[in-house]
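Below is one structure, written out as structure tokens, with a few remarks after it.
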Amino acid sequence: MTKPDVLGGAMIESIKSKRSIDPRLAFDRKVLVVAYVIFSLCATFTFVGHIDLSAAAYPGYTSGIAVLMIAMPSLIPYVLSGLAAWRLMSKQWHLMLKHRRLRLYLLLLLIAIGTLFSSLLMVGAFNVSLTRLRVAGLFIAETVGYLGAAGFFLSEDEWRST
């Protein structure tokens, strides 16, 4: 009767150890989420500030939802790349032994520079007229760039030789 108890106790302990999260991984996940929320809010506010919202100004109680739906294209690059970065970080974090935080911070720095550039472009700092096609191209370029950066910086394959 003691053998099943011992085996059952060992199994429970192994399940608990698999569930426990490395504190460094938990901290890096928090940094990733906070940074992506800040970057997406900055991009969303500059995008909504660029759009003429006079048609949706006073339609009733749904005006907040209408503005959220209008702002969705500016959130797409951040949501997709954030999910990809979270997945890559969670999946391969135990394999990335060298320069773990440096790669995460380089990714966030690159996304911060991209967000600053796109926000300045939306505000009109570069004297470029923004059409709907250019704004859509900007969001597509941001999505591809941020997904590529997450794959490059957080993927274990790129850093195997380090």
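As shown in the structure tokens, the chain order sets the letters A, B, ...; within each chain, residues go from 1, and ligands are also counted from 1 in the order they appear.
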Distance query range 35-40 of chain A at most 12 Å, only C-alpha atoms, self and fewer than 5 positions along chain excluded, as number ranges by chain: A: 28-30, 45-48, 71-86, 104-105, 107-119, 142, 146
Export of the given selection (C-alpha atoms) as a short mmCIF file (atom, residue, chain, number, x, y, z; two decimals), in the first residue's frame:
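Result written to again07.cif:
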```cif
data_model
loop_
_atom_site.label_atom_id
_atom_site.label_comp_id
_atom_site.auth_asym_id
_atom_site.auth_seq_id
_atom_site.Cartn_x
_atom_site.Cartn_y
_atom_site.Cartn_z
CA ASP A 28 9.84 38.76 -19.09
CA ARG A 29 6.25 37.96 -20.03
CA LYS A 30 5.07 40.90 -17.95
CA PHE A 45 -4.22 57.28 -30.29
CA THR A 46 -2.20 58.72 -33.16
CA PHE A 47 -4.26 56.78 -35.69
CA VAL A 48 -7.58 57.87 -34.21
CA ALA A 71 -9.09 51.94 -34.45
CA MET A 72 -8.84 48.18 -35.03
CA PRO A 73 -6.44 48.38 -38.01
CA SER A 74 -3.85 50.12 -35.85
CA LEU A 75 -4.03 47.31 -33.28
CA ILE A 76 -3.56 44.42 -35.71
CA PRO A 77 0.27 44.62 -35.99
CA TYR A 78 0.67 44.67 -32.21
CA VAL A 79 -1.82 41.92 -31.46
CA LEU A 80 -0.40 39.54 -34.06
CA SER A 81 3.25 40.16 -33.22
CA GLY A 82 2.51 40.10 -29.49
CA LEU A 83 0.85 36.71 -29.78
CA ALA A 84 3.73 35.41 -31.88
CA ALA A 85 6.31 36.75 -29.42
CA TRP A 86 4.42 35.23 -26.48
CA LEU A 104 13.75 40.50 -25.70
CA TYR A 105 14.88 44.08 -25.10
CA LEU A 107 12.85 43.24 -29.96
CA LEU A 108 11.06 45.80 -27.81
CA LEU A 109 13.50 48.51 -28.88
CA LEU A 110 12.86 47.73 -32.53
CA ILE A 111 9.09 47.82 -31.99
CA ALA A 112 9.42 51.11 -30.09
CA ILE A 113 11.34 52.63 -33.01
CA GLY A 114 8.73 51.33 -35.46
CA THR A 115 5.92 52.72 -33.34
CA LEU A 116 7.63 56.10 -33.08
CA PHE A 117 8.22 56.20 -36.83
CA SER A 118 4.64 55.24 -37.70
CA SER A 119 3.24 57.70 -35.15
CA GLU A 142 4.33 47.03 -39.54
CA TYR A 146 7.07 43.07 -36.21
#
```
Separation of CA of Gly124 in chain A from CA of Gly49 in chain A in Å: 11.3 Å
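One finds CA of Met89 in chain A at 10.5 Å from CA of Ala26 in chain A.
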For CA of Phe126 in chain A and CA of Leu41 in chain A, the interatomic separation in Å (one decimal):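 Atom-to-atom, CA of Phe126 in chain A to CA of Leu41 in chain A, that is 21.4 Å.
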Within range 22-160 of chain A, find each residue whose DSSP state, derived from the backbone, is helix (DSSP H, G or I), and express the selection as an mmCIF file with C-alpha atoms, in the first residue's frame.
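See out36.cif below for the written result:
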```
data_model
loop_
_atom_site.group_PDB
_atom_site.id
_atom_site.type_symbol
_atom_site.label_atom_id
_atom_site.label_comp_id
_atom_site.auth_asym_id
_atom_site.auth_seq_id
_atom_site.Cartn_x
_atom_site.Cartn_y
_atom_site.Cartn_z
ATOM 1 C CA PRO A 23 10.248 33.623 -12.238
ATOM 2 C CA ARG A 24 12.475 35.091 -14.953
ATOM 3 C CA LEU A 25 10.077 33.909 -17.636
ATOM 4 C CA ALA A 26 7.133 35.384 -15.718
ATOM 5 C CA PHE A 27 8.918 38.737 -15.404
ATOM 6 C CA ASP A 28 9.841 38.765 -19.090
ATOM 7 C CA ARG A 29 6.250 37.957 -20.035
ATOM 8 C CA LYS A 30 5.073 40.902 -17.946
ATOM 9 C CA VAL A 31 7.605 43.179 -19.644
ATOM 10 C CA LEU A 32 6.445 41.941 -23.035
ATOM 11 C CA VAL A 33 2.758 42.516 -22.298
ATOM 12 C CA VAL A 34 3.255 45.961 -20.748
ATOM 13 C CA ALA A 35 5.446 47.103 -23.636
ATOM 14 C CA TYR A 36 3.004 45.876 -26.262
ATOM 15 C CA VAL A 37 0.081 47.546 -24.494
ATOM 16 C CA ILE A 38 1.944 50.858 -24.327
ATOM 17 C CA PHE A 39 3.036 50.685 -27.971
ATOM 18 C CA SER A 40 -0.420 49.719 -29.196
ATOM 19 C CA LEU A 41 -2.074 52.523 -27.219
ATOM 20 C CA CYS A 42 0.357 55.081 -28.654
ATOM 21 C CA ALA A 43 -0.271 53.850 -32.189
ATOM 22 C CA THR A 44 -4.028 53.748 -31.668
ATOM 23 C CA PHE A 45 -4.222 57.283 -30.286
ATOM 24 C CA THR A 46 -2.195 58.721 -33.157
ATOM 25 C CA PHE A 47 -4.256 56.779 -35.694
ATOM 26 C CA VAL A 48 -7.578 57.875 -34.212
ATOM 27 C CA GLY A 49 -6.262 61.450 -34.006
ATOM 28 C CA HIS A 50 -5.554 61.317 -37.745
ATOM 29 C CA SER A 54 -17.248 63.740 -37.293
ATOM 30 C CA ALA A 55 -19.574 61.081 -38.742
ATOM 31 C CA ALA A 56 -19.361 59.015 -35.556
ATOM 32 C CA SER A 63 -20.080 55.953 -30.336
ATOM 33 C CA GLY A 64 -17.330 54.360 -28.223
ATOM 34 C CA ILE A 65 -17.749 51.037 -30.009
ATOM 35 C CA ALA A 66 -17.626 52.775 -33.381
ATOM 36 C CA VAL A 67 -14.332 54.447 -32.493
ATOM 37 C CA LEU A 68 -12.939 51.105 -31.312
ATOM 38 C CA MET A 69 -13.915 49.494 -34.600
ATOM 39 C CA ILE A 70 -12.293 52.362 -36.490
ATOM 40 C CA ALA A 71 -9.094 51.938 -34.445
ATOM 41 C CA MET A 72 -8.836 48.180 -35.032
ATOM 42 C CA PRO A 73 -6.435 48.384 -38.012
ATOM 43 C CA SER A 74 -3.852 50.118 -35.849
ATOM 44 C CA LEU A 75 -4.026 47.313 -33.275
ATOM 45 C CA ILE A 76 -3.563 44.422 -35.707
ATOM 46 C CA PRO A 77 0.271 44.619 -35.985
ATOM 47 C CA TYR A 78 0.670 44.673 -32.215
ATOM 48 C CA VAL A 79 -1.824 41.922 -31.458
ATOM 49 C CA LEU A 80 -0.397 39.541 -34.059
ATOM 50 C CA SER A 81 3.249 40.156 -33.215
ATOM 51 C CA GLY A 82 2.512 40.103 -29.488
ATOM 52 C CA LEU A 83 0.855 36.712 -29.779
ATOM 53 C CA ALA A 84 3.727 35.411 -31.881
ATOM 54 C CA ALA A 85 6.308 36.747 -29.423
ATOM 55 C CA TRP A 86 4.424 35.230 -26.476
ATOM 56 C CA ARG A 87 4.253 31.868 -28.227
ATOM 57 C CA LEU A 88 7.920 31.893 -29.198
ATOM 58 C CA MET A 89 8.968 32.985 -25.751
ATOM 59 C CA SER A 90 6.884 30.332 -24.026
ATOM 60 C CA LYS A 91 7.765 27.552 -26.428
ATOM 61 C CA GLN A 92 11.516 27.948 -26.684
ATOM 62 C CA ARG A 100 17.889 35.840 -23.105
ATOM 63 C CA ARG A 101 16.815 39.260 -21.903
ATOM 64 C CA LEU A 102 19.001 41.118 -24.359
ATOM 65 C CA ARG A 103 17.084 39.584 -27.265
ATOM 66 C CA LEU A 104 13.754 40.497 -25.700
ATOM 67 C CA TYR A 105 14.877 44.077 -25.096
ATOM 68 C CA LEU A 106 16.225 44.364 -28.646
ATOM 69 C CA LEU A 107 12.846 43.236 -29.960
ATOM 70 C CA LEU A 108 11.064 45.799 -27.809
ATOM 71 C CA LEU A 109 13.501 48.515 -28.884
ATOM 72 C CA LEU A 110 12.856 47.725 -32.530
ATOM 73 C CA ILE A 111 9.094 47.821 -31.991
ATOM 74 C CA ALA A 112 9.421 51.111 -30.093
ATOM 75 C CA ILE A 113 11.342 52.631 -33.006
ATOM 76 C CA GLY A 114 8.730 51.327 -35.458
ATOM 77 C CA THR A 115 5.918 52.718 -33.337
ATOM 78 C CA LEU A 116 7.631 56.095 -33.079
ATOM 79 C CA PHE A 117 8.220 56.197 -36.834
ATOM 80 C CA SER A 118 4.642 55.239 -37.699
ATOM 81 C CA SER A 119 3.244 57.703 -35.149
ATOM 82 C CA LEU A 120 5.364 60.518 -36.534
ATOM 83 C CA LEU A 121 4.210 59.568 -40.011
ATOM 84 C CA MET A 122 0.578 59.697 -38.884
ATOM 85 C CA VAL A 123 1.031 63.050 -37.179
ATOM 86 C CA ARG A 132 -6.047 55.119 -47.244
ATOM 87 C CA LEU A 133 -3.776 52.986 -49.378
ATOM 88 C CA ARG A 134 -0.641 54.331 -47.704
ATOM 89 C CA VAL A 135 -2.084 53.813 -44.236
ATOM 90 C CA ALA A 136 -3.043 50.235 -45.138
ATOM 91 C CA GLY A 137 0.451 49.704 -46.536
ATOM 92 C CA LEU A 138 1.940 51.081 -43.330
ATOM 93 C CA PHE A 139 -0.077 48.657 -41.216
ATOM 94 C CA ILE A 140 0.844 45.723 -43.455
ATOM 95 C CA ALA A 141 4.518 46.688 -43.324
ATOM 96 C CA GLU A 142 4.331 47.025 -39.539
ATOM 97 C CA THR A 143 2.698 43.622 -39.199
ATOM 98 C CA VAL A 144 5.251 41.885 -41.403
ATOM 99 C CA GLY A 145 8.156 43.733 -39.783
ATOM 100 C CA TYR A 146 7.066 43.075 -36.207
ATOM 101 C CA LEU A 147 6.303 39.406 -36.905
ATOM 102 C CA GLY A 148 9.694 39.028 -38.573
ATOM 103 C CA ALA A 149 11.432 40.758 -35.686
ATOM 104 C CA ALA A 150 9.718 38.506 -33.149
ATOM 105 C CA GLY A 151 10.711 35.459 -35.159
ATOM 106 C CA PHE A 152 14.276 36.661 -35.539
ATOM 107 C CA PHE A 153 14.946 37.770 -31.987
ATOM 108 C CA LEU A 154 12.998 35.133 -30.068
ATOM 109 C CA ASP A 157 17.115 28.704 -34.670
ATOM 110 C CA GLU A 158 18.664 32.100 -35.391
ATOM 111 C CA TRP A 159 20.788 32.040 -32.269
#
```
